[in-house]
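Okay, so here's the structure we're looking at.
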Amino acid sequence: MELIVARPEGLYCTAGDFYIDPWRPVERAVITHAHSDHARVGHGHYLAHTDSEGTLRARLGADIPLQTLPYGETVEHHGVRISLHPAGHVLGSAQVRLEHGGRVWVASGDYKLEDDGTCAPFEPVRCDTFITESTFGLPIYRWPSQPELFAEIDAWWRANAAAGRPSVLFCYAFGKAQRVLHGVDASIGPIVVHGAVEPLNAVYRAAGVRLPDTRRVSDESVNAALLKTALVLAPPSAQSTPWMRRFPGYSDGFASGWMQLRGTRRRRGVDKGFVMSDHADWPGLQKAIGATGAECVYVTHGSVAVMVRWLAEQGLDARSFKTEYGDEDAEATAEAPA
Ligand SMILES: [Zn+2]
Ligand SMILES: [Zn+2]
């Protein structure tokens, strides 16, 4: 019997009688991370990594029945040994390792291989069966390294500041915004954030992640003169809203893995696109899957057909699960009003 099967509610562990990132309310849920397509309201019991506590409670309610677990520690449920391992995706993100009857399955949730300094870096976990995402599972997706990416963002910000223009960078409030904050050269100018971003900054700071000082737009110190050299971080939902009137003459940019696609930047209507993702690129997916040593691989979301075909060509038992997990731009909608 399979240790994990797809049910209408979500991915279900048959022996343990619990779900992983279910999309419908269930009695027991193991949550890989707090993005909205993986962590939903209404479950009877939640198990997640210790560092996910802040974001889960902020998003789903302070009183959710949540049990937390550090990386590498084991709990047993109906004879299934459960442990969580770093996925390198966002703060608290985990791969779920299940061991039962001598078999090991790992469900990856979402993951990224390069260490970005804002969460525990991805660790490959040996297993018999690996359940992988494939959000960017096409050969065209190759991310610039962290230093290349931040050299580009810093150069754009520096040039705008020299010209007296605010630099408004659209990025998701949970994960991307904190990566930008952690990675930019904060000596270029002041950093101003949208009201949806600051509560998540607080969660990251409380978890010990170093972020530079940030101001809210409503802070007294934020005036027209200060904004001329500022970097402004805002969620994509702020684009083309009256909120943007505070930044006369601004230059805008968008940070997303989809920016690798010709045409996406134009459709987004921004001056500059930065290729930046919380997900593995094509070489990253291949490397991660290979490092598990798994003989059987299930693909959950993204370029499922392409990835299944590629895995089969490598001689693996490749399959897919139908899930309701979103793509990079659909998943991070944990955004409060300004
Ligand atoms: Zn995610
Ligand atoms: Zn996702």
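All residue names refer to the structure tokens as shown: chains lettered A, B, ... in order, residues numbered from 1 in each chain, ligands numbered from 1 in order.
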Selection as number ranges by chain: residues within 7 Å of ligand 1 by only C-alpha atoms and all ligand atoms: A: 33, 35, 89, 110, 331
Output for the residues just chosen: N, CA and C atoms as an mmCIF file, in the first residue's frame:
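Saved result, selection.cif, follows:
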data_model
loop_
_atom_site.group_PDB
_atom_site.id
_atom_site.type_symbol
_atom_site.label_atom_id
_atom_site.label_comp_id
_atom_site.auth_asym_id
_atom_site.auth_seq_id
_atom_site.Cartn_x
_atom_site.Cartn_y
_atom_site.Cartn_z
ATOM 1 N N HIS A 33 4.523 24.913 5.164
ATOM 2 C CA HIS A 33 4.862 26.329 5.355
ATOM 3 C C HIS A 33 3.591 27.158 5.277
ATOM 4 N N HIS A 35 2.502 29.755 3.434
ATOM 5 C CA HIS A 35 1.866 30.347 2.250
ATOM 6 C C HIS A 35 0.419 29.859 2.159
ATOM 7 N N HIS A 89 12.687 27.550 1.554
ATOM 8 C CA HIS A 89 11.684 28.273 0.745
ATOM 9 C C HIS A 89 11.310 29.615 1.389
ATOM 10 N N ASP A 110 7.095 23.305 -0.943
ATOM 11 C CA ASP A 110 7.833 24.118 -1.913
ATOM 12 C C ASP A 110 9.268 24.203 -1.419
ATOM 13 N N GLU A 331 0.363 32.236 -4.633
ATOM 14 C CA GLU A 331 0.391 31.597 -3.315
ATOM 15 C C GLU A 331 0.528 32.540 -2.135
#
DSSP strand (DSSP E) residues within range 20-121 of chain A, as a VMD selection string: chain A and resid 20 28 to 30 45 to 49 66 to 69 74 to 77 80 to 86 94 to 100 103 to 107
Which residues of chain A come within 8 Å of ligand 2, and what is each one's closest atom pair and distance in Å (one decimal), counting only C-alpha atoms and all ligand atoms, sorted by chain and residue number, as JSON lines?
{"residue": "A:His35", "atom": "CA", "partner": "ligand 2", "partner_atom_place_in_ligand_line": "1 (Zn)", "distance": 6.7}
{"residue": "A:Ser36", "atom": "CA", "partner": "ligand 2", "partner_atom_place_in_ligand_line": "1 (Zn)", "distance": 7.9}
{"residue": "A:Asp37", "atom": "CA", "partner": "ligand 2", "partner_atom_place_in_ligand_line": "1 (Zn)", "distance": 5.8}
{"residue": "A:His38", "atom": "CA", "partner": "ligand 2", "partner_atom_place_in_ligand_line": "1 (Zn)", "distance": 6.2}
{"residue": "A:Gly109", "atom": "CA", "partner": "ligand 2", "partner_atom_place_in_ligand_line": "1 (Zn)", "distance": 6.8}
{"residue": "A:Asp110", "atom": "CA", "partner": "ligand 2", "partner_atom_place_in_ligand_line": "1 (Zn)", "distance": 5.5}
{"residue": "A:Glu133", "atom": "CA", "partner": "ligand 2", "partner_atom_place_in_ligand_line": "1 (Zn)", "distance": 8.0}
{"residue": "A:Tyr325", "atom": "CA", "partner": "ligand 2", "partner_atom_place_in_ligand_line": "1 (Zn)", "distance": 5.2}
{"residue": "A:Gly326", "atom": "CA", "partner": "ligand 2", "partner_atom_place_in_ligand_line": "1 (Zn)", "distance": 5.3}
{"residue": "A:Asp327", "atom": "CA", "partner": "ligand 2", "partner_atom_place_in_ligand_line": "1 (Zn)", "distance": 6.1}
{"residue": "A:Glu328", "atom": "CA", "partner": "ligand 2", "partner_atom_place_in_ligand_line": "1 (Zn)", "distance": 6.6}
{"residue": "A:Glu331", "atom": "CA", "partner": "ligand 2", "partner_atom_place_in_ligand_line": "1 (Zn)", "distance": 5.7}
Using only N, CA and C atoms, please write the residues we just selected to a file, as a compact mmCIF listing (two decimals), in the first residue's frame.
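Done, and the output landed in selection.txt:
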# COMPACT_ATOMS: atom_id res chain seq x y z
N HIS A 35 2.50 29.75 3.43
CA HIS A 35 1.87 30.35 2.25
C HIS A 35 0.42 29.86 2.16
N SER A 36 -0.43 30.72 1.58
CA SER A 36 -1.88 30.47 1.69
C SER A 36 -2.37 29.24 0.93
N ASP A 37 -1.61 28.77 -0.07
CA ASP A 37 -2.09 27.57 -0.78
C ASP A 37 -1.71 26.29 -0.02
N HIS A 38 -0.88 26.38 0.99
CA HIS A 38 -0.46 25.20 1.76
C HIS A 38 -1.04 25.19 3.18
N GLY A 109 6.76 19.94 -0.13
CA GLY A 109 6.09 21.25 -0.10
C GLY A 109 6.65 22.09 -1.23
N ASP A 110 7.10 23.31 -0.94
CA ASP A 110 7.83 24.12 -1.91
C ASP A 110 9.27 24.20 -1.42
N GLU A 133 7.50 19.48 -5.85
CA GLU A 133 6.82 20.51 -6.64
C GLU A 133 7.55 20.62 -7.97
N TYR A 325 -2.30 23.23 -5.06
CA TYR A 325 -1.26 24.19 -4.74
C TYR A 325 -1.09 25.15 -5.91
N GLY A 326 -0.79 26.42 -5.59
CA GLY A 326 -0.76 27.45 -6.62
C GLY A 326 0.61 27.67 -7.20
N ASP A 327 0.71 28.63 -8.11
CA ASP A 327 2.03 28.98 -8.62
C ASP A 327 2.60 30.11 -7.75
N GLU A 328 3.80 30.55 -8.11
CA GLU A 328 4.48 31.52 -7.25
C GLU A 328 3.66 32.79 -7.03
N GLU A 331 0.36 32.24 -4.63
CA GLU A 331 0.39 31.60 -3.32
C GLU A 331 0.53 32.54 -2.13
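Shell of range 25-28 of chain A at 6 Å, with only C-alpha atoms counted and residues fewer than 5 places along the chain excluded, is Phe18, Gly42, His43, Gly44 and His45 of chain A.
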Nearest to Ala177 in chain A, chosen from A:Thr129, A:Gln286, A:Ser83, A:Thr118, with only C-alpha atoms counted in the distances: A:Thr118
10 Å contact set for Gln260 in chain A, only C-alpha atoms, chain neighbours under 4 positions out, as a ChimeraX atom specification: /A:140-143,256,264-265,273-276
Close residues, range 5-7 of chain A itself excluded, 10 Å, only C-alpha atoms, min 3 positions apart in chain, as a PyMOL selection string: chain A and resi 1-2+10-14+19+22+300+320-323
Shell around Arg309 in chain A at 12 Å using only C-alpha atoms, local window under 2 positions removed, as a list in words: Gly137, Leu138, Val297, Tyr298, Val299, Ser303, Val304, Ala305, Val306, Met307, Leu311, Ala312, Glu313, Gln314, Gly315, Leu316, Asp317, Ala318, Arg319 and Ser320 of chain A
